[in-house]
$ cat final_6.tsv   # TSV, N, CA and C atoms
chain	number	residue	atom	x	y	z
Q	263	MET	N	-28.12	15.43	13.13
Q	263	MET	CA	-27.72	14.60	12.00
Q	263	MET	C	-28.53	13.31	12.00
Q	264	THR	N	-28.75	12.81	10.82
Q	264	THR	CA	-29.45	11.54	10.65
Q	264	THR	C	-28.50	10.53	10.04
Q	265	LYS	N	-28.89	9.28	10.12
Q	265	LYS	CA	-28.10	8.22	9.50
Q	265	LYS	C	-27.98	8.46	8.00
Q	266	GLU	N	-29.09	8.87	7.38
Q	266	GLU	CA	-29.08	9.13	5.95
Q	266	GLU	C	-28.16	10.31	5.60
Q	267	GLY	N	-28.14	11.32	6.48
Q	267	GLY	CA	-27.25	12.47	6.28
Q	267	GLY	C	-25.79	12.07	6.39
Q	268	ASP	N	-25.49	11.19	7.33
Q	268	ASP	CA	-24.12	10.69	7.48
Q	268	ASP	C	-23.70	9.90	6.24
Q	269	ILE	N	-24.60	9.09	5.72
Q	269	ILE	CA	-24.30	8.30	4.53
Q	269	ILE	C	-24.06	9.23	3.34
Q	270	TYR	N	-24.89	10.26	3.22
Q	270	TYR	CA	-24.70	11.24	2.15
Q	270	TYR	C	-23.31	11.89	2.26
Q	271	SER	N	-22.96	12.32	3.46
Q	271	SER	CA	-21.66	12.96	3.67
Q	271	SER	C	-20.51	12.03	3.32
Q	272	PHE	N	-20.64	10.75	3.71
Q	272	PHE	CA	-19.61	9.77	3.37
Q	272	PHE	C	-19.48	9.64	1.85
Q	273	GLY	N	-20.62	9.59	1.16
Q	273	GLY	CA	-20.59	9.46	-0.30
Q	273	GLY	C	-19.91	10.63	-0.97
Q	274	ILE	N	-20.24	11.83	-0.52
Q	274	ILE	CA	-19.61	13.03	-1.10
Q	274	ILE	C	-18.11	13.03	-0.80
Q	275	LEU	N	-17.74	12.68	0.42
Q	275	LEU	CA	-16.31	12.61	0.78
Q	275	LEU	C	-15.58	11.60	-0.10
Q	276	LEU	N	-16.20	10.48	-0.35
Q	276	LEU	CA	-15.59	9.46	-1.20
Q	276	LEU	C	-15.42	9.98	-2.63
Q	277	LEU	N	-16.44	10.64	-3.16
Q	277	LEU	CA	-16.34	11.20	-4.51
Q	277	LEU	C	-15.27	12.29	-4.57
Q	278	GLU	N	-15.17	13.11	-3.52
Q	278	GLU	CA	-14.13	14.14	-3.47
Q	278	GLU	C	-12.74	13.51	-3.45
Q	279	THR	N	-12.59	12.45	-2.69
Q	279	THR	CA	-11.29	11.78	-2.59
Q	279	THR	C	-10.89	11.16	-3.93
Q	280	ILE	N	-11.82	10.52	-4.58
Q	280	ILE	CA	-11.53	9.87	-5.87
Q	280	ILE	C	-11.16	10.90	-6.93
Q	281	THR	N	-11.91	12.00	-6.99
Q	281	THR	CA	-11.73	12.96	-8.08
Q	281	THR	C	-10.78	14.11	-7.75
Q	282	GLY	N	-10.59	14.37	-6.46
Q	282	GLY	CA	-9.80	15.53	-6.07
Q	282	GLY	C	-10.57	16.83	-6.26
Q	283	LYS	N	-11.87	16.73	-6.44
Q	283	LYS	CA	-12.70	17.92	-6.65
Q	283	LYS	C	-13.70	18.06	-5.52
Q	284	ARG	N	-14.07	19.32	-5.25
Q	284	ARG	CA	-15.09	19.61	-4.25
Q	284	ARG	C	-16.40	19.94	-4.96
Q	285	PRO	N	-17.51	19.76	-4.28
Q	285	PRO	CA	-18.78	20.11	-4.91
Q	285	PRO	C	-18.87	21.58	-5.32
Q	286	THR	N	-18.05	22.44	-4.71
Q	286	THR	CA	-18.08	23.87	-5.00
Q	286	THR	C	-17.04	24.29	-6.04
Q	287	ASP	N	-16.30	23.35	-6.62
Q	287	ASP	CA	-15.29	23.70	-7.62
Q	287	ASP	C	-15.93	24.43	-8.79
Q	288	LEU	N	-15.18	25.35	-9.36
Q	288	LEU	CA	-15.68	26.17	-10.46
Q	288	LEU	C	-15.94	25.37	-11.74
Q	289	VAL	N	-15.42	24.17	-11.82
Q	289	VAL	CA	-15.65	23.33	-13.00
Q	289	VAL	C	-17.12	22.91	-13.09
Q	290	PHE	N	-17.82	22.96	-11.98
Q	290	PHE	CA	-19.22	22.55	-11.96
Q	290	PHE	C	-20.12	23.74	-12.24
Q	291	VAL	N	-20.46	23.89	-13.52
Q	291	VAL	CA	-21.32	24.98	-13.98
Q	291	VAL	C	-22.45	24.40	-14.82
Q	292	GLU	N	-23.42	25.22	-15.09
Q	292	GLU	CA	-24.54	24.86	-15.97
Q	292	GLU	C	-25.20	23.54	-15.56
Q	293	GLY	N	-25.43	23.39	-14.26
Q	293	GLY	CA	-26.14	22.22	-13.76
Q	293	GLY	C	-25.28	21.00	-13.49
Q	294	LEU	N	-24.02	21.02	-13.91
Q	294	LEU	CA	-23.14	19.89	-13.61
Q	294	LEU	C	-22.74	19.98	-12.15
Q	295	ASN	N	-22.72	18.84	-11.48
Q	295	ASN	CA	-22.27	18.77	-10.10
Q	295	ASN	C	-21.35	17.56	-9.94
Q	296	LEU	N	-20.82	17.38	-8.75
Q	296	LEU	CA	-19.87	16.29	-8.50
Q	296	LEU	C	-20.51	14.94	-8.81
Q	297	TYR	N	-21.74	14.75	-8.39
Q	297	TYR	CA	-22.46	13.50	-8.64
Q	297	TYR	C	-22.54	13.23	-10.15
Q	298	GLY	N	-22.98	14.22	-10.92
Q	298	GLY	CA	-23.12	14.06	-12.36
Q	298	GLY	C	-21.79	13.85	-13.06
Q	299	TYR	N	-20.76	14.52	-12.56
Q	299	TYR	CA	-19.41	14.40	-13.11
Q	299	TYR	C	-18.92	12.96	-13.02
Q	300	VAL	N	-19.10	12.36	-11.86
Q	300	VAL	CA	-18.67	10.97	-11.67
Q	300	VAL	C	-19.57	10.03	-12.45
Q	301	MET	N	-20.86	10.29	-12.42
Q	301	MET	CA	-21.82	9.44	-13.12
Q	301	MET	C	-21.51	9.38	-14.62
Q	302	MET	N	-21.16	10.52	-15.20
Q	302	MET	CA	-20.85	10.56	-16.64
Q	302	MET	C	-19.60	9.75	-16.98
Q	303	ALA	N	-18.68	9.63	-16.04
Q	303	ALA	CA	-17.42	8.93	-16.29
Q	303	ALA	C	-17.54	7.42	-16.15
Q	304	LEU	N	-18.56	6.96	-15.47
Q	304	LEU	CA	-18.69	5.52	-15.22
Q	304	LEU	C	-19.23	4.78	-16.43
Q	305	PRO	N	-18.73	3.59	-16.69
Q	305	PRO	CA	-17.54	2.99	-16.12
Q	305	PRO	C	-16.29	3.22	-16.96
Q	306	ASP	N	-16.47	3.60	-18.22
Q	306	ASP	CA	-15.35	3.58	-19.17
Q	306	ASP	C	-14.31	4.67	-18.99
Q	307	GLN	N	-14.69	5.83	-18.47
Q	307	GLN	CA	-13.73	6.92	-18.32
Q	307	GLN	C	-13.36	7.21	-16.86
Q	308	VAL	N	-13.63	6.28	-15.98
Q	308	VAL	CA	-13.41	6.57	-14.56
Q	308	VAL	C	-11.95	6.93	-14.27
Q	309	MET	N	-11.01	6.28	-14.92
Q	309	MET	CA	-9.60	6.58	-14.63
Q	309	MET	C	-9.20	7.97	-15.10
Q	310	GLU	N	-9.98	8.55	-16.00
Q	310	GLU	CA	-9.71	9.91	-16.48
Q	310	GLU	C	-10.09	10.97	-15.46
Q	311	ILE	N	-10.98	10.64	-14.53
Q	311	ILE	CA	-11.40	11.62	-13.53
Q	311	ILE	C	-10.77	11.38	-12.16
Q	312	VAL	N	-9.97	10.31	-12.05
Q	312	VAL	CA	-9.32	10.00	-10.77
Q	312	VAL	C	-8.26	11.05	-10.47
Q	313	GLU	N	-8.21	11.45	-9.21
Q	313	GLU	CA	-7.20	12.40	-8.73
Q	313	GLU	C	-5.82	11.92	-9.17
Q	314	PRO	N	-5.06	12.76	-9.88
Q	314	PRO	CA	-3.75	12.33	-10.41
Q	314	PRO	C	-2.79	11.77	-9.37
Q	315	THR	N	-2.82	12.27	-8.15
Q	315	THR	CA	-1.88	11.73	-7.15
Q	315	THR	C	-2.20	10.27	-6.82
Q	316	LEU	N	-3.46	9.88	-6.91
Q	316	LEU	CA	-3.81	8.48	-6.69
Q	316	LEU	C	-3.22	7.62	-7.81
Q	317	LEU	N	-3.27	8.11	-9.02
Q	317	LEU	CA	-2.70	7.38	-10.15
Q	317	LEU	C	-1.18	7.36	-10.08
Q	318	HIS	N	-0.59	8.44	-9.59
Q	318	HIS	CA	0.87	8.49	-9.43
Q	318	HIS	C	1.35	7.37	-8.52
Q	319	ASP	N	0.65	7.16	-7.42
Q	319	ASP	CA	1.02	6.10	-6.49
Q	319	ASP	C	0.96	4.74	-7.19
Q	320	LEU	N	-0.07	4.52	-7.97
Q	320	LEU	CA	-0.21	3.26	-8.70
Q	320	LEU	C	0.91	3.11	-9.73
Q	321	GLU	N	1.20	4.18	-10.45
Q	321	GLU	CA	2.27	4.12	-11.44
Q	321	GLU	C	3.62	3.86	-10.79
Q	322	ASP	N	3.86	4.46	-9.62
Q	322	ASP	CA	5.11	4.21	-8.89
Q	322	ASP	C	5.23	2.75	-8.48
Q	323	GLU	N	4.12	2.17	-8.02
Q	323	GLU	CA	4.13	0.76	-7.65
Q	323	GLU	C	4.40	-0.12	-8.86
Q	324	MET	N	3.83	0.26	-10.00
Q	324	MET	CA	4.03	-0.53	-11.20
Q	324	MET	C	5.47	-0.41	-11.69
Q	325	GLU	N	6.06	0.77	-11.53
Q	325	GLU	CA	7.47	0.95	-11.89
Q	325	GLU	C	8.36	0.09	-11.02
Q	326	ALA	N	8.06	0.05	-9.73
Q	326	ALA	CA	8.83	-0.78	-8.81
Q	326	ALA	C	8.69	-2.25	-9.20
Q	327	ALA	N	7.52	-2.64	-9.65
Q	327	ALA	CA	7.31	-4.02	-10.09
Q	327	ALA	C	8.17	-4.33	-11.30
Q	328	ASN	N	8.35	-3.36	-12.20
Q	328	ASN	CA	9.21	-3.56	-13.36
Q	328	ASN	C	10.64	-3.80	-12.95
Q	329	VAL	N	11.09	-3.08	-11.93
Q	329	VAL	CA	12.45	-3.26	-11.42
Q	329	VAL	C	12.61	-4.69	-10.91
Q	330	ASN	N	11.55	-5.22	-10.34
Q	330	ASN	CA	11.58	-6.59	-9.82
Q	330	ASN	C	11.25	-7.63	-10.90
Q	331	HIS	N	11.21	-7.18	-12.15
Q	331	HIS	CA	11.05	-8.05	-13.32
Q	331	HIS	C	9.70	-8.77	-13.37
Q	332	ARG	N	8.66	-8.08	-12.96
Q	332	ARG	CA	7.33	-8.64	-13.16
Q	332	ARG	C	6.97	-8.48	-14.63
Q	333	SER	N	6.11	-9.34	-15.09
Q	333	SER	CA	5.74	-9.29	-16.51
Q	333	SER	C	4.74	-8.16	-16.77
Q	334	GLY	N	4.67	-7.78	-18.04
Q	334	GLY	CA	3.69	-6.78	-18.45
Q	334	GLY	C	2.27	-7.26	-18.20
Q	335	GLU	N	2.09	-8.57	-18.23
Q	335	GLU	CA	0.78	-9.15	-17.95
Q	335	GLU	C	0.38	-8.89	-16.50
Q	336	ASP	N	1.34	-9.02	-15.58
Q	336	ASP	CA	1.08	-8.71	-14.17
Q	336	ASP	C	0.68	-7.24	-14.01
Q	337	GLU	N	1.38	-6.38	-14.72
Q	337	GLU	CA	1.07	-4.94	-14.67
Q	337	GLU	C	-0.34	-4.68	-15.18
Q	338	ALA	N	-0.68	-5.30	-16.28
Q	338	ALA	CA	-2.01	-5.10	-16.86
Q	338	ALA	C	-3.09	-5.58	-15.91
Q	339	ARG	N	-2.86	-6.71	-15.26
Q	339	ARG	CA	-3.83	-7.22	-14.29
Q	339	ARG	C	-3.96	-6.27	-13.10
Q	340	ARG	N	-2.84	-5.77	-12.64
Q	340	ARG	CA	-2.85	-4.84	-11.50
Q	340	ARG	C	-3.60	-3.55	-11.87
Q	341	TRP	N	-3.35	-3.03	-13.06
Q	341	TRP	CA	-4.04	-1.83	-13.52
Q	341	TRP	C	-5.54	-2.09	-13.61
Q	342	LYS	N	-5.91	-3.24	-14.17
Q	342	LYS	CA	-7.32	-3.59	-14.31
Q	342	LYS	C	-7.99	-3.71	-12.94
Q	343	ARG	N	-7.33	-4.34	-11.97
Q	343	ARG	CA	-7.88	-4.44	-10.61
Q	343	ARG	C	-8.05	-3.06	-10.00
Q	344	SER	N	-7.08	-2.18	-10.23
Q	344	SER	CA	-7.17	-0.83	-9.70
Q	344	SER	C	-8.33	-0.08	-10.34
Q	345	GLU	N	-8.49	-0.25	-11.63
Q	345	GLU	CA	-9.60	0.39	-12.33
Q	345	GLU	C	-10.94	-0.13	-11.80
Q	346	GLU	N	-11.04	-1.43	-11.63
Q	346	GLU	CA	-12.27	-2.01	-11.09
Q	346	GLU	C	-12.54	-1.51	-9.68
Q	347	GLY	N	-11.48	-1.35	-8.88
Q	347	GLY	CA	-11.63	-0.82	-7.53
Q	347	GLY	C	-12.14	0.61	-7.55
Q	348	MET	N	-11.60	1.43	-8.45
Q	348	MET	CA	-12.05	2.83	-8.56
Q	348	MET	C	-13.51	2.89	-9.02
Q	349	ILE	N	-13.89	2.02	-9.94
Q	349	ILE	CA	-15.28	1.98	-10.39
Q	349	ILE	C	-16.18	1.61	-9.22
Q	350	SER	N	-15.78	0.61	-8.46
Q	350	SER	CA	-16.58	0.19	-7.30
Q	350	SER	C	-16.68	1.30	-6.27
Q	351	LEU	N	-15.58	1.96	-5.98
Q	351	LEU	CA	-15.61	3.07	-5.02
Q	351	LEU	C	-16.49	4.20	-5.51
Q	352	ALA	N	-16.40	4.51	-6.79
Q	352	ALA	CA	-17.24	5.57	-7.35
Q	352	ALA	C	-18.72	5.19	-7.25
Q	353	ARG	N	-19.02	3.94	-7.51
Q	353	ARG	CA	-20.42	3.49	-7.41
Q	353	ARG	C	-20.92	3.58	-5.97
Q	354	ILE	N	-20.07	3.26	-5.02
Q	354	ILE	CA	-20.45	3.39	-3.61
Q	354	ILE	C	-20.72	4.86	-3.29
Q	355	GLY	N	-19.80	5.73	-3.73
Q	355	GLY	CA	-19.98	7.17	-3.50
Q	355	GLY	C	-21.28	7.68	-4.09
Q	356	LEU	N	-21.62	7.22	-5.29
Q	356	LEU	CA	-22.87	7.63	-5.93
Q	356	LEU	C	-24.08	7.08	-5.19
Q	357	ALA	N	-24.00	5.82	-4.78
Q	357	ALA	CA	-25.13	5.20	-4.07
Q	357	ALA	C	-25.39	5.88	-2.73
Q	358	CYS	N	-24.34	6.40	-2.12
Q	358	CYS	CA	-24.47	7.08	-0.84
Q	358	CYS	C	-24.98	8.52	-0.99
Q	359	SER	N	-24.73	9.12	-2.12
Q	359	SER	CA	-25.06	10.54	-2.28
Q	359	SER	C	-26.26	10.79	-3.19
Q	360	MET	N	-27.13	9.81	-3.26
Q	360	MET	CA	-28.38	9.99	-4.01
Q	360	MET	C	-29.14	11.16	-3.39
Q	361	GLU	N	-29.86	11.90	-4.22
Q	361	GLU	CA	-30.57	13.08	-3.73
Q	361	GLU	C	-31.62	12.72	-2.67
Q	362	SER	N	-32.36	11.67	-2.91
Q	362	SER	CA	-33.40	11.26	-1.96
Q	362	SER	C	-32.80	10.37	-0.88
Q	363	PRO	N	-32.98	10.73	0.38
Q	363	PRO	CA	-32.45	9.90	1.47
Q	363	PRO	C	-32.93	8.44	1.42
Q	364	LYS	N	-34.14	8.23	0.96
Q	364	LYS	CA	-34.69	6.87	0.89
Q	364	LYS	C	-33.99	6.02	-0.17
Q	365	GLN	N	-33.36	6.66	-1.15
Q	365	GLN	CA	-32.68	5.92	-2.21
Q	365	GLN	C	-31.23	5.58	-1.87
Q	366	ARG	N	-30.71	6.19	-0.82
Q	366	ARG	CA	-29.30	5.95	-0.46
Q	366	ARG	C	-29.11	4.55	0.09
Q	367	THR	N	-27.94	4.01	-0.19
Q	367	THR	CA	-27.62	2.67	0.28
Q	367	THR	C	-27.48	2.66	1.80
Q	368	ASP	N	-27.59	1.51	2.40
Q	368	ASP	CA	-27.48	1.45	3.86
Q	368	ASP	C	-26.05	1.12	4.27
Q	369	ALA	N	-25.74	1.42	5.53
Q	369	ALA	CA	-24.38	1.31	6.05
Q	369	ALA	C	-23.83	-0.12	5.94
Q	370	SER	N	-24.66	-1.12	6.19
Q	370	SER	CA	-24.16	-2.50	6.14
Q	370	SER	C	-23.72	-2.88	4.72
Q	371	LYS	N	-24.43	-2.39	3.73
Q	371	LYS	CA	-24.03	-2.67	2.34
Q	371	LYS	C	-22.72	-1.95	2.01
Q	372	ILE	N	-22.56	-0.73	2.49
Q	372	ILE	CA	-21.31	0.01	2.27
Q	372	ILE	C	-20.13	-0.77	2.84
Q	373	VAL	N	-20.27	-1.22	4.08
Q	373	VAL	CA	-19.20	-1.97	4.73
Q	373	VAL	C	-18.89	-3.25	3.97
Q	374	HIS	N	-19.92	-3.95	3.55
Q	374	HIS	CA	-19.74	-5.19	2.79
Q	374	HIS	C	-18.96	-4.92	1.50
Q	375	GLU	N	-19.36	-3.88	0.76
Q	375	GLU	CA	-18.69	-3.55	-0.50
Q	375	GLU	C	-17.24	-3.13	-0.28
Q	376	LEU	N	-16.99	-2.35	0.76
Q	376	LEU	CA	-15.61	-1.93	1.05
Q	376	LEU	C	-14.73	-3.12	1.43
Q	377	HIS	N	-15.27	-4.05	2.19
Q	377	HIS	CA	-14.51	-5.27	2.51
Q	377	HIS	C	-14.23	-6.08	1.25
Q	378	HIS	N	-15.19	-6.14	0.36
Q	378	HIS	CA	-15.00	-6.87	-0.89
Q	378	HIS	C	-13.87	-6.24	-1.72
Q	379	ILE	N	-13.90	-4.93	-1.85
Q	379	ILE	CA	-12.85	-4.22	-2.60
Q	379	ILE	C	-11.50	-4.45	-1.96
Q	380	ASN	N	-11.43	-4.34	-0.65
Q	380	ASN	CA	-10.17	-4.55	0.07
Q	380	ASN	C	-9.66	-5.97	-0.14
Q	381	GLY	N	-10.55	-6.95	-0.12
Q	381	GLY	CA	-10.15	-8.33	-0.33
Q	381	GLY	C	-9.55	-8.57	-1.69
Q	382	ILE	N	-10.11	-7.93	-2.70
Q	382	ILE	CA	-9.60	-8.07	-4.07
Q	382	ILE	C	-8.17	-7.53	-4.15
Q	383	HIS	N	-7.92	-6.43	-3.48
Q	383	HIS	CA	-6.61	-5.79	-3.58
Q	383	HIS	C	-5.56	-6.37	-2.66
Q	384	THR	N	-5.97	-6.99	-1.57
Q	384	THR	CA	-4.97	-7.56	-0.67
Q	384	THR	C	-4.64	-9.00	-0.99
Q	385	ASN	N	-5.50	-9.68	-1.73
Q	385	ASN	CA	-5.26	-11.08	-2.06
Q	385	ASN	C	-4.52	-11.27	-3.35
Q	386	ASN	N	-4.24	-10.19	-4.06
Q	386	ASN	CA	-3.54	-10.34	-5.36
Q	386	ASN	C	-2.29	-9.52	-5.39

$ encode --input "final_6.tsv" --output "structure tokens"
Amino acid sequence: MTKEGDIYSFGILLLETITGKRPTDLVFVEGLNLYGYVMMALPDQVMEIVEPTLLHDLEDEMEAANVNHRSGEDEARRWKRSEEGMISLARIGLACSMESPKQRTDASKIVHELHHINGIHTNN
């Protein structure tokens, strides 16, 4: 294994986690693949391709917030942050799974981006 191969594997795993789809799923026909599927959804339709169980968890949290009388504005901000986080994660997955090993992002940038995403979600 090479460092570039590990980065590629991480990217594919991240895209699989976000979408709930495997590169071998039957939905990928006529040249469409997991990479292209995610790429086509960015940025405006990313929430449409997110694995439904991930969205269920978010919706459950938002429902609990309603019970605690948070405003609709808080909900909208939380949804927007979640959407931005999914877009960022999808972009990381794509950057890691570029076809050419030389085009793939490096590990330090991945870690930096993941820390940034985590900071956005834990500070709000």

$ closest_residue --input "final_6.tsv" --among "Q:Gly347, Q:Met301, Q:Ile354, Q:Ile280" --to "Ile372 in chain Q" --atoms "only N, CA and C atoms"
Q:Ile354

$ residues_around --input "final_6.tsv" --residues "Arg343 in chain Q" --least-positions-apart "5" --cutoff "8 Å" --atoms "all atoms listed in the file" --output "ChimeraX atom specification"
/Q:337-338,348-349,382-383

$ atom_distance --input "final_6.tsv" --atom1 "atom N of His318 in chain Q" --atom2 "atom C of Cys358 in chain Q"
25.9 Å

$ closest_residue --input "final_6.tsv" --among "Q:Ile269, Q:Glu346, Q:Met263, Q:Thr281" --to "Pro314 in chain Q" --atoms "all atoms listed in the file"
Q:Thr281

$ atom_distance --input "final_6.tsv" --atom1 "CA of Lys342 in chain Q" --atom2 "CA of Leu317 in chain Q"
12.6 Å

$ atom_distance --input "final_6.tsv" --atom1 "CA of Gly381 in chain Q" --atom2 "CA of Lys283 in chain Q"
27.1 Å

$ residues_around --input "final_6.tsv" --residues "Leu316 in chain Q" --least-positions-apart "6" --cutoff "12 Å" --atoms "only C-alpha atoms" --output "list in words"
Thr279, Ile280, Thr281, Gly282, Met309, Glu310, Asp322, Glu323, Ser344, Glu345 and Met348 of chain Q

$ residues_around --input "final_6.tsv" --residues "Ala357 in chain Q" --least-positions-apart "6" --cutoff "7 Å" --atoms "all atoms listed in the file" --output "JSON, numbers by chain"
{"Q": [273, 365, 366, 367]}

$ closest_residue --input "final_6.tsv" --among "Q:Phe272, Q:Tyr297, Q:Ser350, Q:Thr286" --to "His374 in chain Q" --atoms "only C-alpha atoms"
Q:Ser350

$ closest_residue --input "final_6.tsv" --among "Q:Asn380, Q:Thr315, Q:Ser359, Q:Asn295" --to "Leu275 in chain Q" --atoms "only C-alpha atoms"
Q:Ser359

$ select_by_dssp --input "final_6.tsv" --residues "range 282-385 of chain Q" --states "helix (DSSP H, G or I)" --output "PyMOL selection string"
chain Q and resi 296-303+308-311+314-329+334-358+363-365+369-384

$ closest_residue --input "final_6.tsv" --among "Q:Glu266, Q:Leu304, Q:His378, Q:Pro285" --to "Ser362 in chain Q" --atoms "all atoms listed in the file"
Q:Glu266
